[in-house]
Structure formats: structure tokens, C-alpha cells
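One structure is given below, encoded as C-alpha cells.
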Number of protein chains: 2
Amino acid sequence: MAETRLRVSRDRVLRAAVSLADAEGIDSVSMRRVAAELGVVPMALYKHVSDKDDLLGGMIDLLIAEYGETPAATDWRTAVRTRILAARSVLVRHPWARAVIETRRTRTAAVLGYLNEMTGLFLDGGFSADLTHHAMHALGHRVWGFSPEAFDDPDALPVPEDPDERAQMIEYVRATYPHILTVALYSAGDDVAGGRCDEDFEFSFTLDLLLDAFERLRDAGWSSRPQRASSPLRR
Amino acid sequence: MAETRLRVSRDRVLRAAVSLADAEGIDSVSMRRVAAELGVVPMALYKHVSDKDDLLGGMIDLLIAEYGETPAATDWRTAVRTRILAARSVLVRHPWARAVIETRRTRTAAVLGYLNEMTGLFLDGGFSADLTHHAMHALGHRVWGFSPEAFDDPDALPVPEDPDERAQMIEYVRATYPHILTVALYSAGDDVAGGRCDEDFEFSFTLDLLLDAFERLRDAGWSSRPQRASSPLRR
DNA sequence: AGCCTAGGTGTACGTTGTATACCTGTCAAC
DNA sequence: GTTGACAGGTATACAACGTACACCTAGGCT
């Protein structure tokens, strides 16, 4: 009958991989598993994807497509801001994506397209090529090595139920990491463990800090040329 | 004779792994390979390391030890700055480390110690616990997904030798990614490919931007409390 | 002398990515 | 309508991985 099994295509492979990652985490995205999801033998995937790296790259491209259109014709700042927040909301929807993106070494057309749009927003906003360049880098840098997730994962430092053990642990932390405790106590009220902080707030806090700084440099006619090695900021 | 083979220890395992990663990249750090490097059978490692994750964590701890001491008794800003730049120079010396650090989910004592010191520098510099908390987050955030390496890897977008092909490629880029080209042409002079930019400059540019912003907020007596949802900056 | 135990060994299993060779159904050209 | 090419699915195989489990062995204690 007409029930010929749906042909596999690159797109179907990528979508299967993405929804598998969404459902069961990136670790369960193996060639074999994705193939199984499509009711097909592992090696069949290689007709549509050149290797696993290509698969991962394709998954990211799919997410970039989810970012949506660049908002038209507002001021540069809200344009950049909404664009970046849209991107973030996609990455939040697909928690595996951040780690994958950061390991990617090949620039696909989708990535370059996003990069191009972003660059355009700055240039159109009256930023010099020079400042635009550095601003883009600043948005990409993580100043320390540690990713924020490392500190927010609630499972990473379990707090004992038992009040005695709990007091003992707090005492230990007070002795060993007093400054951490100070900050933790503040942001959690009096509950050390409950201090799950508002990641969205942290994110836009950082974003606004940088956008403000960019704007200030632009208005001051900043340029990196005269003396590259010195501090970028007049004090 | 006295030539009993040197006993394996946790420290020796970790050091072997680090120098292997330095020499041949993180991908060649497998349990089998590290064991071979020590002239020992793979399973022997498990007497000193609980699993591969523990091994990677231990490697990072070793690097954190390389960060050195917190500079004593200067103003907060140079203290933070030199501390972060010291950390960076370690990560530059061990190019595999950044990626490994970012996948770590468990906070070892070394990591917590570093975090604690860093926090202390802010608190001692007159920052509120509130602002310190957000500043630490800001230093940890990467605003976009893409890591800077993704754009600087010279192999990622090979430029043809042949002048004709080269011109054709530039034409293609001009049509497809005009804004990228604008910025690239600026920062490379007239050489599109040569535009390897000064990563150290980019890094301290970003760092100073953030430190400036923190200082400004501190001096303004900023607090996140009154209205958490709104912009952190008075305009 | 006897034993405990920390540390090294050997074997084995399941899972991974992918090379290579093969088969098969569809469609264009004659 | 037969043929042949070729895109797409299959089968088998291999090397490398992390690590569970059982075993052996050499020192240092009582």
C-alpha cells in the first residue's frame, strides 16, 4: 500500500537528534540511537550527515533558526538586547545546547549569518568597525573559566536534612570559605541552601552592564588605534 | 636492586594526565593512555582516581594551584585584575583547560577556595554582598553562546592561495556577510585573512569594561533589592 | 610467623564512531 | 519496456573507550 516508510532526510535526522537531546539529554544522542529513533540502521545516517560533528553542527543550526528574525528599525540597543535575549531563551529551552555550541569549531552558514546580523546592528547604531569588533568579542568572552551553571546546580553541594549535620556543615563552610558564606547568606536571606538565584536577572544584569559600557565608549569616540596596549578606558 | 619502579600516586596520575594533555591534546587523555604513560595497566589508575571525571577534576585542581597566591594588600581593582590575568595566563598555557573547566559540574575544594578568595577581594574592596554576588556572576557569564575561539581559529575558514579564487571568495563574503567583512577589513588592514586579533587585548578590554562598571555601581550605592526586575542601571 | 591491606594485574563487557562492501528501489534515457 | 545509474538503506566489522570484577603480590604491622 501507500504506507512506504517516510524517507529519511538531513532535516529529519537533525530534528530527531534535537528532540532526542531535549527529551533525554545530549549524552543519549549517539548515531545508533538517533538512527533507532528513525527506524533505520545506524550507517544510514551517514548518507545525510558526514559525521557526528556535522550532526551536532546541524542541530545548532536548527536552534539558530529558532532565534527568529532580527527586529527591524528600532534603536540599536533594544535591537541588540532583544536579539540576544531571544537567543538566550532558545538556549534555555534546550539546556544541552550551550555546551554543544561552545565546542563547535566550524562556522556554519547559520552561525555566520547570525554573526553578520549582530555586527550590522552595531554598525547601523553608529559604532565604528573598530569598536564593533571589540564589542563583539566582549560579548563572547567569559572572564573566568567557570560557567555560571557550576555554581547554581543545586545537586552539587547537598545540604543535609538533619539540623545538627546542617549546623556542622555551616560551621565548616564558615571556617573554610567565609566570604562565600557571607554572599550566600545575603542572597538567600537566612537560608543557605535555598539561594537559587535568578539566572534571568543575572544575565540581563551582565548584558546591560556591557551595553552601557559600549554606548559610553561610542559616545566618547573611543578608538583602539593610538595605543593598543594601554587600558581601553580613559579614567 | 634498588630500582623498584616508582610508586604511582594520585599526584603522579594527575601530572601525567596534564602533561599528556599539554603535549597531545585532551582527546588523547584516556585512562588507557595515561596508564601507559606511567608504565602501568589501565585499571591501576582506579586505585588513585575514582573515575575519569575525578581525573579531569584533579587536573583542573592542579591548574588552579598554578594560579598562585592572591596578591596581598593593594586596592581591590588591581588585586582582582592581576588575579584574573594570572588565571588566564594559566589557561593560555594549557589550551585544553578552558573546555574541560566549563564542563565540570562538581566544585572541588580548589575551586571553592579560588571562588572564596575572589569574593573576599570584592568584599574587602567595599562592595556589598549583593553587588559582589552579581559581579561574580557577571564575570562568569558569556553573553552569547559562541566562544571567542570559534572566530579566531585560522583553520576554520581557509583563504585560498590563488588570487582569483581569493577575489571570488571575498566577493562571495561581501554579498553574503557584508557587515562581517566591514569589521574584518578594518581590523586586518587590507588583509582579510591576516586578521588574527590580539586576544590578550580583547580579554583585558572586556575585563576593564566590567571592572569599571562594578566600580561605578559600588560608588553609586547600587542595590538589586528595591525593584529586581528593572534595569540595574540608572540612566 | 602470620596476616592485613594498599596497590598493581588480567580479563571481560557493553558502547561508541565509522570504514567498507553490498543490496535495492526509483527514475531517465534509449 | 528494458537498462543502467545512482541515491539511499543494510550488514558486518574494527578499534577505542570507560570500567566492573576477581585475582595476585609485596610490605609493614602485631
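In the C-alpha cells, each chain is lettered A, B, ... as it comes, each chain's residues begin at 1, and ligands are numbered from 1 in order of appearance.
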With chain A as the partner and 7 Å as the cut-off, tabulate the residues of chain B that qualify, each row holding the nearest pair of atoms and their distance in Å to one decimal, using only C-alpha atoms, sorted by chain and rising number, as JSON lines.
```
{"residue": "B:Arg98", "atom": "CA", "partner": "A:Gly145", "partner_atom": "CA", "distance": 6.0}
{"residue": "B:Ile101", "atom": "CA", "partner": "A:Phe146", "partner_atom": "CA", "distance": 6.3}
{"residue": "B:Glu102", "atom": "CA", "partner": "A:Ser147", "partner_atom": "CA", "distance": 5.6}
{"residue": "B:Arg104", "atom": "CA", "partner": "A:Ala150", "partner_atom": "CA", "distance": 7.0}
{"residue": "B:Arg105", "atom": "CA", "partner": "A:Ala150", "partner_atom": "CA", "distance": 5.3}
{"residue": "B:Thr106", "atom": "CA", "partner": "A:Ala156", "partner_atom": "CA", "distance": 5.8}
{"residue": "B:Gly113", "atom": "CA", "partner": "A:Tyr177", "partner_atom": "CA", "distance": 6.8}
{"residue": "B:Asn116", "atom": "CA", "partner": "A:Ile180", "partner_atom": "CA", "distance": 5.3}
{"residue": "B:Thr119", "atom": "CA", "partner": "A:His179", "partner_atom": "CA", "distance": 5.8}
{"residue": "B:Gly120", "atom": "CA", "partner": "A:His179", "partner_atom": "CA", "distance": 5.4}
{"residue": "B:Ala129", "atom": "CA", "partner": "A:Val183", "partner_atom": "CA", "distance": 4.9}
{"residue": "B:Asp130", "atom": "CA", "partner": "A:Ser187", "partner_atom": "CA", "distance": 6.7}
{"residue": "B:His133", "atom": "CA", "partner": "A:Val183", "partner_atom": "CA", "distance": 6.2}
{"residue": "B:His134", "atom": "CA", "partner": "A:Glu202", "partner_atom": "CA", "distance": 6.5}
{"residue": "B:His137", "atom": "CA", "partner": "A:Glu202", "partner_atom": "CA", "distance": 6.5}
{"residue": "B:Ala138", "atom": "CA", "partner": "A:Thr206", "partner_atom": "CA", "distance": 5.1}
{"residue": "B:Leu139", "atom": "CA", "partner": "A:Val143", "partner_atom": "CA", "distance": 5.1}
{"residue": "B:Gly140", "atom": "CA", "partner": "A:Pro148", "partner_atom": "CA", "distance": 5.5}
{"residue": "B:His141", "atom": "CA", "partner": "A:Arg142", "partner_atom": "CA", "distance": 5.6}
{"residue": "B:Arg142", "atom": "CA", "partner": "A:Arg142", "partner_atom": "CA", "distance": 4.7}
{"residue": "B:Val143", "atom": "CA", "partner": "A:Leu139", "partner_atom": "CA", "distance": 5.2}
{"residue": "B:Trp144", "atom": "CA", "partner": "A:Gly140", "partner_atom": "CA", "distance": 5.6}
{"residue": "B:Gly145", "atom": "CA", "partner": "A:Arg98", "partner_atom": "CA", "distance": 6.0}
{"residue": "B:Phe146", "atom": "CA", "partner": "A:Glu102", "partner_atom": "CA", "distance": 5.7}
{"residue": "B:Ser147", "atom": "CA", "partner": "A:Gly140", "partner_atom": "CA", "distance": 5.5}
{"residue": "B:Pro148", "atom": "CA", "partner": "A:Gly140", "partner_atom": "CA", "distance": 5.5}
{"residue": "B:Ala150", "atom": "CA", "partner": "A:Arg105", "partner_atom": "CA", "distance": 5.3}
{"residue": "B:Ala156", "atom": "CA", "partner": "A:Thr106", "partner_atom": "CA", "distance": 5.7}
{"residue": "B:Tyr177", "atom": "CA", "partner": "A:Asn116", "partner_atom": "CA", "distance": 5.6}
{"residue": "B:His179", "atom": "CA", "partner": "A:Gly120", "partner_atom": "CA", "distance": 5.4}
{"residue": "B:Ile180", "atom": "CA", "partner": "A:Asn116", "partner_atom": "CA", "distance": 5.3}
{"residue": "B:Thr182", "atom": "CA", "partner": "A:Ala129", "partner_atom": "CA", "distance": 6.8}
{"residue": "B:Val183", "atom": "CA", "partner": "A:Ala129", "partner_atom": "CA", "distance": 4.9}
{"residue": "B:Tyr186", "atom": "CA", "partner": "A:Ala129", "partner_atom": "CA", "distance": 6.3}
{"residue": "B:Ser187", "atom": "CA", "partner": "A:Asp130", "partner_atom": "CA", "distance": 6.7}
{"residue": "B:Phe201", "atom": "CA", "partner": "A:Ala229", "partner_atom": "CA", "distance": 6.9}
{"residue": "B:Glu202", "atom": "CA", "partner": "A:His134", "partner_atom": "CA", "distance": 6.4}
{"residue": "B:Phe205", "atom": "CA", "partner": "A:Pro232", "partner_atom": "CA", "distance": 6.0}
{"residue": "B:Thr206", "atom": "CA", "partner": "A:Ala138", "partner_atom": "CA", "distance": 5.0}
{"residue": "B:Leu207", "atom": "CA", "partner": "A:Val143", "partner_atom": "CA", "distance": 6.7}
{"residue": "B:Leu209", "atom": "CA", "partner": "A:Ala213", "partner_atom": "CA", "distance": 6.5}
{"residue": "B:Ala213", "atom": "CA", "partner": "A:Leu209", "partner_atom": "CA", "distance": 6.5}
{"residue": "B:Ala229", "atom": "CA", "partner": "A:Phe201", "partner_atom": "CA", "distance": 7.0}
{"residue": "B:Pro232", "atom": "CA", "partner": "A:Phe205", "partner_atom": "CA", "distance": 6.1}
```
Residue list for chain D near chain B as a short mmCIF file (atom, residue, chain, number, x, y, z; two decimals) with C-alpha atoms (C1' of nucleotides), in the first residue's frame, 10 Å, only C-alpha atoms (C1' of nucleotides):
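Saved to selection11.cif:
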```cif
data_model
loop_
_atom_site.label_atom_id
_atom_site.label_comp_id
_atom_site.auth_asym_id
_atom_site.auth_seq_id
_atom_site.Cartn_x
_atom_site.Cartn_y
_atom_site.Cartn_z
"C1'" DA D 16 38.99 2.55 21.08
"C1'" DC D 17 36.69 3.80 25.07
"C1'" DG D 18 35.28 3.55 30.43
"C1'" DT D 19 35.09 0.42 33.97
#
```
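The space between atom C1' of DT9 of chain C and atom CA of Arg33 of chain B spans 16.4 Å.
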### Task
Tell me, as a list in words, which residues lie within 12 Å of DA26 of chain D, counting only C-alpha atoms (C1' of nucleotides); anything in the same chain fewer than 2 positions away does not count.
Thr4 of chain B; DC4, DT5, DA6, DG7 and DG8 of chain C; DC24 and DG28 of chain D
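Between chain C and the candidates A:Asp219, A:Val8, A:Val13, A:Ser50, the tightest atom-to-atom separation, counting only C-alpha atoms (C1' of nucleotides), involves A:Ser50.
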### Query
Given a cut-off of 12 Å, which residues of chain B touch chain C, counting only C-alpha atoms (C1' of nucleotides), written out as a PyMOL selection string?
chain B and resi 5+7-10+35+39-48
### Query
So how far away is atom CA of Asp11 of chain A from atom CA of Val49 of chain A, in Å?
9.8 Å
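Here atom CA of Val34 of chain B is placed at a distance of 7.5 Å from atom CA of Leu20 of chain B.
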Skipping near chain neighbours, those fewer than 6 positions away, what residues fall within 10 Å of Glu215 of chain A using only C-alpha atoms (C1' of nucleotides), listed as a PDB file with C-alpha atoms, in the first residue's frame?
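Result written to around_16.pdb:
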```pdb
ATOM      1  CA  TRP A  76      20.491  49.655  18.175  1.00  0.00           C
ATOM      2  CA  ARG A  77      20.258  48.963  21.839  1.00  0.00           C
ATOM      3  CA  GLY A 125      23.864  52.089  15.521  1.00  0.00           C
ATOM      4  CA  GLY A 126      26.763  54.365  14.719  1.00  0.00           C
ATOM      5  CA  PHE A 127      29.539  52.187  16.098  1.00  0.00           C
ATOM      6  CA  GLY A 221      34.582  58.446  20.166  1.00  0.00           C
TER       7      GLY A 221
END
```
